[in-house]
file run.txt (compact mmCIF, C-alpha atoms)
# COMPACT_ATOMS: atom_id res chain seq x y z
CA MET A 1 -74.64 24.34 -20.80
CA THR A 2 -73.61 20.70 -20.50
CA SER A 3 -72.92 19.86 -16.86
CA PHE A 4 -69.91 18.06 -15.43
CA GLU A 5 -72.08 15.00 -14.88
CA GLU A 6 -73.13 14.87 -18.53
CA LEU A 7 -69.58 15.34 -19.76
CA TRP A 8 -68.40 12.61 -17.39
CA ARG A 9 -71.10 10.16 -18.45
CA GLY A 10 -70.21 10.68 -22.10
CA LEU A 11 -66.56 9.74 -21.59
CA LEU A 12 -67.00 7.02 -18.95
CA PRO A 13 -67.68 4.01 -21.24
CA VAL A 14 -64.73 4.61 -23.58
CA GLY A 15 -62.04 1.95 -23.19
CA ARG A 16 -63.65 0.37 -20.15
CA SER A 17 -63.25 -3.37 -19.53
CA ALA A 18 -66.55 -5.14 -18.94
CA ASP A 19 -64.74 -7.72 -16.82
CA SER A 20 -62.67 -5.60 -14.44
CA GLY A 21 -64.23 -2.16 -14.72
CA GLY A 22 -60.74 -0.78 -15.41
CA TYR A 23 -59.61 1.15 -18.47
CA GLN A 24 -57.41 0.34 -21.45
CA ARG A 25 -56.87 3.75 -23.04
CA PHE A 26 -53.47 3.55 -24.73
CA SER A 27 -52.00 6.11 -27.13
CA TRP A 28 -52.89 5.79 -30.81
CA THR A 29 -55.35 2.90 -30.28
CA PRO A 30 -59.09 2.84 -31.11
CA SER A 31 -60.02 3.74 -27.53
CA ASP A 32 -57.59 6.67 -27.63
CA ALA A 33 -59.10 7.80 -30.94
CA SER A 34 -62.54 7.73 -29.33
CA CYS A 35 -61.25 9.82 -26.41
CA ARG A 36 -59.75 12.36 -28.82
CA GLU A 37 -63.00 12.51 -30.80
CA TRP A 38 -64.91 13.05 -27.57
CA PHE A 39 -62.58 15.92 -26.66
CA VAL A 40 -63.06 17.62 -30.02
CA SER A 41 -66.84 17.21 -29.93
CA GLU A 42 -67.33 18.46 -26.37
CA ALA A 43 -64.88 21.33 -26.73
CA ARG A 44 -66.59 22.55 -29.89
CA SER A 45 -70.03 22.19 -28.36
CA GLY A 46 -68.76 24.42 -25.54
CA GLY A 47 -67.78 27.08 -28.06
CA LEU A 48 -64.04 26.36 -28.09
CA THR A 49 -61.73 26.15 -31.11
CA VAL A 50 -59.78 22.88 -31.28
CA GLU A 51 -56.39 22.12 -32.79
CA ALA A 52 -53.64 19.51 -32.41
CA ASP A 53 -50.02 20.58 -32.05
CA ARG A 54 -47.03 18.98 -33.80
CA ASN A 55 -46.74 16.33 -31.04
CA GLY A 56 -50.39 15.31 -31.07
CA ASN A 57 -51.46 17.21 -27.94
CA GLN A 58 -54.97 18.61 -28.33
CA TRP A 59 -55.77 22.25 -27.51
CA ALA A 60 -59.19 23.85 -27.11
CA TRP A 61 -59.10 27.66 -27.10
CA TRP A 62 -61.64 30.06 -25.66
CA GLY A 63 -61.41 32.72 -28.34
CA ALA A 64 -58.15 33.33 -30.16
CA SER A 65 -54.92 31.65 -29.14
CA GLY A 66 -52.15 33.93 -28.02
CA PRO A 67 -49.30 34.66 -25.59
CA ASP A 68 -49.56 34.77 -21.80
CA ALA A 69 -52.39 32.24 -21.93
CA VAL A 70 -53.96 30.59 -18.90
CA VAL A 71 -53.91 26.87 -19.71
CA THR A 72 -55.55 24.01 -17.86
CA GLY A 73 -56.12 20.33 -18.61
CA SER A 74 -54.56 16.92 -18.12
CA HIS A 75 -54.64 13.64 -20.11
CA LEU A 76 -57.07 10.93 -21.24
CA ASP A 77 -54.78 7.89 -21.55
CA SER A 78 -54.62 5.25 -18.82
CA VAL A 79 -52.38 2.64 -17.27
CA PRO A 80 -53.39 -0.98 -17.96
CA ASP A 81 -56.68 -1.59 -16.17
CA GLY A 82 -56.51 1.88 -14.66
CA GLY A 83 -59.16 3.90 -12.90
CA ALA A 84 -61.63 6.34 -14.40
CA PHE A 85 -60.34 9.50 -12.71
CA ASP A 86 -56.56 9.72 -13.21
CA GLY A 87 -56.25 12.24 -16.03
CA PRO A 88 -59.82 12.34 -17.35
CA LEU A 89 -61.08 14.12 -14.22
CA GLY A 90 -58.76 17.02 -15.05
CA VAL A 91 -59.84 17.22 -18.69
CA VAL A 92 -63.57 16.92 -17.95
CA SER A 93 -63.33 19.41 -15.07
CA SER A 94 -61.47 21.89 -17.30
CA LEU A 95 -64.16 21.79 -19.96
CA ALA A 96 -66.85 22.04 -17.29
CA ALA A 97 -65.07 24.97 -15.60
CA VAL A 98 -64.94 26.90 -18.86
CA ARG A 99 -68.67 26.35 -19.36
CA LEU A 100 -69.31 27.45 -15.79
CA LEU A 101 -67.35 30.65 -16.40
CA LYS A 102 -69.37 31.32 -19.54
CA ALA A 103 -72.56 30.79 -17.56
CA ARG A 104 -71.30 33.37 -15.06
CA GLY A 105 -70.89 35.82 -17.93
CA PHE A 106 -67.14 36.00 -17.42
CA VAL A 107 -64.96 37.27 -20.28
CA PRO A 108 -61.23 36.47 -19.87
CA ARG A 109 -58.66 39.20 -20.35
CA ARG A 110 -56.00 36.63 -21.18
CA PRO A 111 -56.21 33.79 -23.73
CA LEU A 112 -57.52 30.61 -22.11
CA ALA A 113 -57.11 27.01 -23.27
CA VAL A 114 -57.82 23.42 -22.25
CA VAL A 115 -55.19 20.83 -23.23
CA ASN A 116 -55.25 17.03 -23.52
CA PHE A 117 -51.65 15.76 -23.40
CA VAL A 118 -50.78 12.48 -25.13
CA GLU A 119 -49.01 9.47 -23.53
CA GLU A 120 -48.91 10.90 -20.02
CA GLU A 121 -48.89 7.46 -18.40
CA GLY A 122 -46.27 5.96 -20.71
CA ALA A 123 -48.31 2.75 -20.62
CA ARG A 124 -47.83 1.82 -24.26
CA PHE A 125 -44.40 3.24 -25.17
CA GLY A 126 -42.70 3.34 -21.78
CA MET A 127 -41.98 7.06 -21.37
CA PRO A 128 -44.38 9.03 -19.16
CA CYS A 129 -45.44 12.60 -19.98
CA LEU A 130 -44.19 12.15 -23.53
CA GLY A 131 -46.46 14.82 -25.04
CA SER A 132 -45.30 17.52 -22.64
CA ARG A 133 -41.68 16.28 -22.71
CA LEU A 134 -41.61 16.55 -26.49
CA MET A 135 -43.18 20.00 -26.48
CA SER A 136 -40.72 21.30 -23.90
CA GLY A 137 -37.69 19.70 -25.59
CA ALA A 138 -37.00 17.31 -22.69
CA VAL A 139 -36.78 14.34 -25.07
CA SER A 140 -35.36 14.28 -28.60
CA PRO A 141 -37.74 13.58 -31.49
CA GLY A 142 -35.43 10.88 -32.83
CA HIS A 143 -35.53 8.98 -29.56
CA ALA A 144 -39.30 9.38 -29.25
CA ARG A 145 -39.96 8.13 -32.79
CA GLU A 146 -38.11 4.90 -32.04
CA LEU A 147 -39.86 4.12 -28.75
CA ARG A 148 -41.59 0.75 -29.12
CA ASP A 149 -44.64 -0.84 -27.56
CA PRO A 150 -44.58 -4.48 -26.36
CA SER A 151 -45.51 -5.61 -29.90
CA GLY A 152 -42.57 -3.75 -31.45
CA VAL A 153 -44.64 -0.94 -32.99
CA THR A 154 -42.77 2.37 -32.92
CA TRP A 155 -44.23 5.66 -31.72
CA ALA A 156 -43.73 7.05 -35.23
CA ALA A 157 -45.63 4.21 -36.90
CA ALA A 158 -48.46 4.35 -34.38
CA MET A 159 -48.82 8.11 -34.62
CA ASP A 160 -48.78 7.99 -38.42
CA SER A 161 -51.41 5.24 -38.43
CA ALA A 162 -53.61 7.47 -36.27
CA GLY A 163 -53.56 10.08 -39.02
CA LEU A 164 -50.92 12.43 -37.62
CA ASP A 165 -47.44 13.16 -38.96
CA ALA A 166 -44.70 11.86 -36.66
CA SER A 167 -41.99 13.49 -38.78
CA GLY A 168 -42.86 16.84 -37.21
CA ILE A 169 -42.63 15.92 -33.52
CA GLY A 170 -40.20 17.71 -31.24
CA ALA A 171 -39.59 20.85 -29.22
CA ASP A 172 -42.28 23.47 -29.80
CA PRO A 173 -40.98 26.73 -28.31
CA SER A 174 -43.70 28.87 -29.87
CA ARG A 175 -46.42 26.71 -28.34
CA LEU A 176 -44.67 26.53 -24.99
CA GLY A 177 -44.14 30.28 -25.12
CA MET A 178 -47.88 30.87 -25.30
CA ILE A 179 -48.39 29.47 -21.80
CA GLY A 180 -48.35 32.17 -19.16
CA THR A 181 -49.69 29.92 -16.38
CA PHE A 182 -50.59 26.23 -16.28
CA VAL A 183 -52.99 24.69 -13.76
CA GLU A 184 -53.72 20.96 -13.69
CA LEU A 185 -56.58 19.47 -11.67
CA HIS A 186 -56.12 15.83 -10.68
CA VAL A 187 -57.72 13.26 -8.43
CA GLU A 188 -55.52 12.83 -5.36
CA GLN A 189 -53.52 9.62 -5.50
CA GLY A 190 -53.55 9.04 -1.77
CA ARG A 191 -55.57 9.98 1.32
CA GLY A 192 -54.11 13.33 2.35
CA LEU A 193 -57.36 15.21 1.70
CA VAL A 194 -59.39 12.50 3.45
CA GLU A 195 -57.30 13.05 6.56
CA SER A 196 -57.58 16.85 6.29
CA GLY A 197 -61.34 16.74 5.72
CA SER A 198 -61.10 18.89 2.58
CA ALA A 199 -62.58 18.26 -0.86
CA VAL A 200 -59.89 20.23 -2.72
CA GLY A 201 -56.20 20.82 -2.07
CA VAL A 202 -53.17 22.44 -3.71
CA ALA A 203 -49.94 20.63 -4.60
CA SER A 204 -46.65 21.67 -3.04
CA ALA A 205 -44.22 19.37 -4.84
CA ILE A 206 -43.73 16.12 -6.76
CA TRP A 207 -41.24 13.61 -5.40
CA PRO A 208 -38.27 12.74 -7.64
CA HIS A 209 -38.96 9.47 -9.43
CA GLY A 210 -37.99 7.27 -12.35
CA ARG A 211 -38.23 3.95 -14.18
CA TRP A 212 -35.39 1.48 -14.57
CA ARG A 213 -35.39 -1.61 -16.80
CA PHE A 214 -33.75 -4.66 -15.24
CA GLU A 215 -32.73 -7.52 -17.53
CA PHE A 216 -31.75 -10.92 -16.13
CA ALA A 217 -30.11 -13.29 -18.65
CA GLY A 218 -29.84 -16.93 -17.61
CA GLU A 219 -30.14 -20.27 -19.40
CA ALA A 220 -33.26 -22.11 -20.52
CA ASN A 221 -33.53 -25.75 -19.52
CA HIS A 222 -35.93 -28.53 -18.58
CA ALA A 223 -37.80 -28.01 -15.31
CA GLY A 224 -38.04 -31.72 -14.65
CA THR A 225 -34.53 -32.94 -15.42
CA THR A 226 -32.12 -30.11 -14.56
CA ARG A 227 -30.58 -30.36 -11.10
CA LEU A 228 -30.93 -27.29 -8.91
CA VAL A 229 -27.16 -26.88 -8.70
CA ASP A 230 -26.88 -26.91 -12.50
CA ARG A 231 -29.41 -24.15 -13.11
CA ARG A 232 -28.83 -20.55 -14.20
CA ASP A 233 -32.34 -19.41 -13.36
CA PRO A 234 -33.01 -15.67 -13.84
CA MET A 235 -36.29 -15.95 -11.96
CA LEU A 236 -34.34 -16.52 -8.73
CA THR A 237 -32.29 -13.38 -9.27
CA PHE A 238 -35.40 -11.42 -10.17
CA ALA A 239 -37.29 -12.65 -7.09
CA ALA A 240 -34.41 -11.72 -4.80
CA THR A 241 -34.27 -8.28 -6.44
CA VAL A 242 -37.99 -7.67 -5.84
CA LEU A 243 -37.67 -8.53 -2.16
CA GLY A 244 -34.51 -6.45 -1.86
CA ALA A 245 -36.17 -3.44 -3.47
CA ARG A 246 -38.94 -3.51 -0.89
CA GLU A 247 -36.40 -3.69 1.94
CA GLN A 248 -34.26 -0.85 0.58
CA ALA A 249 -37.28 1.39 0.04
CA ALA A 250 -38.43 0.84 3.61
CA LEU A 251 -34.99 1.70 4.96
CA ALA A 252 -34.86 4.95 2.95
CA GLY A 253 -38.45 6.07 3.55
CA ALA A 254 -39.04 5.74 -0.19
CA LEU A 255 -41.12 3.64 -2.58
CA ALA A 256 -39.99 0.87 -4.95
CA THR A 257 -42.23 -1.27 -7.14
CA PHE A 258 -41.72 -3.99 -9.71
CA GLY A 259 -45.14 -3.95 -11.37
CA ARG A 260 -44.33 -5.11 -14.90
CA VAL A 261 -42.40 -8.20 -15.97
CA SER A 262 -41.88 -10.33 -19.08
CA VAL A 263 -40.40 -13.83 -19.11
CA GLU A 264 -38.90 -15.94 -21.88
CA PRO A 265 -39.78 -18.59 -22.95
CA ASN A 266 -42.64 -18.33 -20.43
CA GLY A 267 -43.29 -22.06 -20.26
CA THR A 268 -44.67 -23.91 -17.24
CA ASN A 269 -42.20 -26.80 -17.52
CA ALA A 270 -39.19 -24.76 -18.62
CA ILE A 271 -36.58 -22.83 -16.68
CA ALA A 272 -36.64 -19.25 -17.92
CA SER A 273 -33.82 -17.98 -20.07
CA PHE A 274 -34.53 -14.28 -19.71
CA VAL A 275 -36.52 -11.98 -17.43
CA ARG A 276 -37.15 -8.31 -18.13
CA ALA A 277 -38.73 -6.22 -15.36
CA TRP A 278 -39.26 -2.55 -14.63
CA LEU A 279 -38.54 -0.83 -11.33
CA ASP A 280 -40.58 2.26 -10.45
CA SER A 281 -39.00 4.13 -7.54
CA ARG A 282 -39.89 7.42 -5.84
CA ALA A 283 -38.56 9.23 -2.79
CA PRO A 284 -38.91 12.50 -0.87
CA ASP A 285 -35.52 13.70 -2.15
CA ALA A 286 -32.97 12.91 -4.85
CA SER A 287 -30.41 11.49 -2.43
CA SER A 288 -32.85 8.93 -1.03
CA LEU A 289 -33.93 7.93 -4.54
CA ALA A 290 -30.32 7.44 -5.67
CA THR A 291 -29.59 5.41 -2.56
CA VAL A 292 -32.47 3.02 -3.24
CA VAL A 293 -31.73 2.53 -6.94
CA GLU A 294 -28.00 2.03 -6.35
CA ALA A 295 -28.67 -0.49 -3.58
CA VAL A 296 -31.18 -2.46 -5.66
CA THR A 297 -28.82 -2.49 -8.63
CA SER A 298 -25.96 -3.74 -6.47
CA LEU A 299 -27.91 -6.50 -4.80
CA ALA A 300 -29.28 -7.65 -8.19
CA ALA A 301 -25.74 -7.88 -9.57
CA GLU A 302 -24.45 -9.72 -6.49
CA ARG A 303 -27.29 -12.22 -6.57
CA GLY A 304 -26.83 -12.61 -10.32
CA ASP A 305 -23.19 -13.58 -9.79
CA ARG A 306 -24.27 -16.33 -7.38
CA ASP A 307 -26.99 -17.58 -9.74
CA GLY A 308 -24.91 -17.44 -12.92
CA VAL A 309 -27.20 -14.74 -14.30
CA LYS A 310 -26.09 -11.58 -16.10
CA VAL A 311 -27.86 -8.45 -14.87
CA THR A 312 -28.19 -5.27 -16.94
CA VAL A 313 -29.90 -2.11 -15.67
CA THR A 314 -31.02 0.77 -17.91
CA ALA A 315 -32.59 4.05 -16.78
CA GLU A 316 -35.61 4.62 -19.04
CA SER A 317 -36.81 7.86 -17.49
CA THR A 318 -35.88 9.99 -14.50
CA THR A 319 -37.55 13.10 -13.13
CA PRO A 320 -36.01 15.36 -10.46
CA VAL A 321 -38.00 16.81 -7.59
CA VAL A 322 -40.54 19.40 -8.70
CA GLU A 323 -41.25 22.32 -6.38
CA PHE A 324 -44.30 24.12 -7.73
CA ASN A 325 -44.16 27.91 -7.97
CA ALA A 326 -44.41 28.94 -4.31
CA SER A 327 -46.08 32.31 -4.78
CA LEU A 328 -48.67 30.86 -7.18
CA ARG A 329 -49.26 27.89 -4.86
CA ASP A 330 -49.86 30.12 -1.84
CA GLU A 331 -51.99 32.54 -3.87
CA LEU A 332 -54.31 29.76 -5.02
CA ALA A 333 -54.50 28.13 -1.60
CA ALA A 334 -55.62 31.47 -0.13
CA LEU A 335 -58.07 32.04 -2.99
CA LEU A 336 -59.66 28.67 -2.20
CA GLY A 337 -60.16 29.44 1.48
CA ALA A 338 -56.89 28.19 2.96
CA ALA A 339 -56.99 24.94 1.02
CA PRO A 340 -54.53 22.35 2.35
CA ILE A 341 -51.15 22.14 0.64
CA LEU A 342 -49.72 18.65 0.15
CA PRO A 343 -47.01 16.83 -1.82
CA THR A 344 -47.43 13.87 -4.16
CA GLY A 345 -45.33 10.97 -5.30
CA ALA A 346 -47.02 10.83 -8.70
CA GLY A 347 -45.63 12.44 -11.85
CA HIS A 348 -47.71 14.77 -14.02
CA ASP A 349 -47.46 16.94 -17.12
CA ALA A 350 -47.61 19.89 -14.72
CA GLY A 351 -44.29 18.71 -13.32
CA VAL A 352 -42.68 18.78 -16.75
CA LEU A 353 -44.03 22.25 -17.53
CA SER A 354 -43.00 23.66 -14.15
CA ALA A 355 -39.42 24.00 -15.40
CA HIS A 356 -40.62 26.47 -18.02
CA VAL A 357 -43.75 28.31 -16.82
CA PRO A 358 -45.50 29.11 -13.50
CA THR A 359 -47.42 25.93 -12.74
CA ALA A 360 -49.86 24.75 -10.08
CA MET A 361 -51.94 21.67 -9.32
CA LEU A 362 -55.28 21.19 -7.62
CA PHE A 363 -56.23 17.85 -6.07
CA VAL A 364 -59.72 16.45 -5.57
CA ARG A 365 -60.33 14.12 -2.63
CA ASN A 366 -60.16 10.37 -3.25
CA PRO A 367 -61.95 8.55 -0.39
CA THR A 368 -60.44 5.17 -1.27
CA GLY A 369 -56.90 6.47 -1.66
CA VAL A 370 -56.61 3.97 -4.54
CA SER A 371 -55.17 5.01 -7.91
CA HIS A 372 -54.06 3.27 -11.11
CA ALA A 373 -56.75 0.67 -10.38
CA PRO A 374 -60.53 0.39 -10.79
CA GLY A 375 -61.04 1.36 -7.13
CA GLU A 376 -59.91 4.92 -7.87
CA PHE A 377 -62.81 7.23 -6.94
CA ALA A 378 -64.13 10.68 -6.20
CA THR A 379 -67.69 11.54 -5.21
CA THR A 380 -69.84 13.67 -7.48
CA ASP A 381 -70.04 16.38 -4.81
CA ASP A 382 -66.25 16.53 -4.55
CA CYS A 383 -65.88 16.58 -8.34
CA LEU A 384 -68.30 19.50 -8.51
CA ALA A 385 -66.33 21.25 -5.78
CA GLY A 386 -63.24 20.71 -7.92
CA VAL A 387 -64.93 22.27 -10.94
CA GLU A 388 -65.97 25.29 -8.85
CA ALA A 389 -62.46 25.66 -7.47
CA LEU A 390 -60.87 25.37 -10.91
CA ALA A 391 -63.33 27.90 -12.34
CA ASP A 392 -62.48 30.33 -9.54
CA VAL A 393 -58.76 29.85 -10.18
CA LEU A 394 -59.10 30.33 -13.95
CA GLN A 395 -61.25 33.42 -13.48
CA HIS A 396 -58.72 34.86 -11.03
CA LEU A 397 -55.75 34.19 -13.31
CA ALA A 398 -57.46 35.26 -16.54
CA THR A 399 -58.49 38.59 -15.00
CA ARG A 400 -54.94 39.68 -14.15

call {"tool": "encode", "arguments": {"input": "run.txt", "output": "structure tokens"}}
result
Amino acid sequence: MTSFEELWRGLLPVGRSADSGGYQRFSWTPSDASCREWFVSEARSGGLTVEADRNGNQWAWWGASGPDAVVTGSHLDSVPDGGAFDGPLGVVSSLAAVRLLKARGFVPRRPLAVVNFVEEEGARFGMPCLGSRLMSGAVSPGHARELRDPSGVTWAAAMDSAGLDASGIGADPSRLGMIGTFVELHVEQGRGLVESGSAVGVASAIWPHGRWRFEFAGEANHAGTTRLVDRRDPMLTFAATVLGAREQAALAGALATFGRVSVEPNGTNAIASFVRAWLDSRAPDASSLATVVEAVTSLAAERGDRDGVKVTVTAESTTPVVEFNASLRDELAALLGAAPILPTGAGHDAGVLSAHVPTAMLFVRNPTGVSHAPGEFATTDDCLAGVEALADVLQHLATR
């Protein structure tokens, strides 16, 4: 049987930047194709049957597919310059857990599958968890087909160029109906397990969160000849909005981040004419999240009025609070020796599926607490503990 370490080493170089050590694994790109090929090869070598669904999600079945299946897995795409563990740890651990169960001589009573969801990060086309959202009917196929990357390429064109048929994307009730239980293993994106002294934990909930596109329309002009009082500079409005977002998040006990921005005409000696930026905000509850977003929107508009800048705000994606199935959560925590139960501010495919099927998440300790960056990390010993825990969970669920 191929070990976790061997599986991990095989995937590790794919899409990795030699300069930063971070990853550029974006949907329907050559690095994504290599990840998908790796998944097919390793799943088949582990004795699993592989197929892709109508939305491009990959499934590896232990035996025949069927209803009431126990499904595990995660995603292989990354954020720009992301870490090695976010997503891939769950896929690699799932394949390794299945091989461990086979080595134990276990034979599942329920169908069992490993899934690799597409476009979980939303890094290329802007909508996170798109593969699971499409499957569950949370986003319309027409809207998804027209999503565009920064170069203007649509999801439909990119998917077609990768050799799949984008005309068939959309809600997949028969596929969704096969899932009896879904369990996603993920590296912890924080230091909760470091503080608890545990290698593995169980998720309680996902904070409500979303992405909002802010557009600031001003007037281009010469940086060296235009008086300050004559300027309509959208960069000033944008800068004030960034600072205001941080202040509002602190007041509400929430999080607010402007991490992506584009500027036109983007010249050193030119006043910008247009700024487009994306706000990512998350909070412990829906009320706090709404308070932050409304306050940031208002202060952006007020500052825009003073600067002569038009401000437009568009919600690109919003996700309500996710409370994972309480009985399943407690059952798995007890199975794993009173594993700690902790919330997360990060979104996951498990959160999307939780509205439809009993869903749980396992976290593996991250000693740095860093995520979405090259410093993201988990020790080999903790990864192996995660594989053991996931194997125990799958065996428990597939025996019922």

call {"tool": "closest_atom_pairs", "arguments": {"input": "run.txt", "of": "stretch 265-289 of chain A", "to": "stretch 221-230 of chain A", "cutoff": "8 Å", "atoms": "only C-alpha atoms", "output": "Markdown table"}}
result
| residue | atom | partner | partner_atom | distance |
| --- | --- | --- | --- | --- |
| A:Asn269 | CA | A:Ala223 | CA | 5.1 |
| A:Ala270 | CA | A:Ala223 | CA | 4.8 |
| A:Ile271 | CA | A:Asn221 | CA | 5.1 |
| A:Ala272 | CA | A:Asn221 | CA | 7.4 |
| A:Ser273 | CA | A:Asn221 | CA | 7.8 |

call {"tool": "closest_residue", "arguments": {"input": "run.txt", "among": "A:Arg282, A:Arg232, A:Arg400, A:Arg25", "to": "A:Gly304", "atoms": "all atoms listed in the file"}}
result
A:Arg232

call {"tool": "residues_around", "arguments": {"input": "run.txt", "residues": "stretch 276-279 of chain A", "least_positions_apart": "4", "cutoff": "10 Å", "atoms": "only C-alpha atoms", "output": "count of residues only"}}
result
32

call {"tool": "atom_distance", "arguments": {"input": "run.txt", "atom1": "atom CA of A:Ser74", "atom2": "atom CA of A:Asn116"}}
result
5.4 Å

call {"tool": "atom_distance", "arguments": {"input": "run.txt", "atom1": "atom CA of A:Ala373", "atom2": "atom CA of A:Ser17"}}
result
11.9 Å

call {"tool": "closest_residue", "arguments": {"input": "run.txt", "among": "A:Gly56, A:Gly87, A:Gly369, A:Gly47", "to": "A:Gly168", "atoms": "all atoms listed in the file"}}
result
A:Gly56

call {"tool": "closest_residue", "arguments": {"input": "run.txt", "among": "A:Pro367, A:Pro108, A:Gly345, A:Gly201", "to": "A:Ala333", "atoms": "all atoms listed in the file"}}
result
A:Gly201

call {"tool": "closest_residue", "arguments": {"input": "run.txt", "among": "A:Gly347, A:Pro88, A:Gly21, A:Pro150", "to": "A:Leu130", "atoms": "only C-alpha atoms"}}
result
A:Gly347

call {"tool": "residues_around", "arguments": {"input": "run.txt", "residues": "A:Ala156", "least_positions_apart": "4", "cutoff": "9 Å", "atoms": "only C-alpha atoms", "output": "list of chain:residue names"}}
result
A:Ala144, A:Arg145, A:Glu146, A:Leu147, A:Asp160, A:Ser161, A:Asp165, A:Ala166, A:Ser167

call {"tool": "closest_residue", "arguments": {"input": "run.txt", "among": "A:Glu195, A:Asp53, A:Glu302, A:Glu119", "to": "A:Gly170", "atoms": "all atoms listed in the file"}}
result
A:Asp53
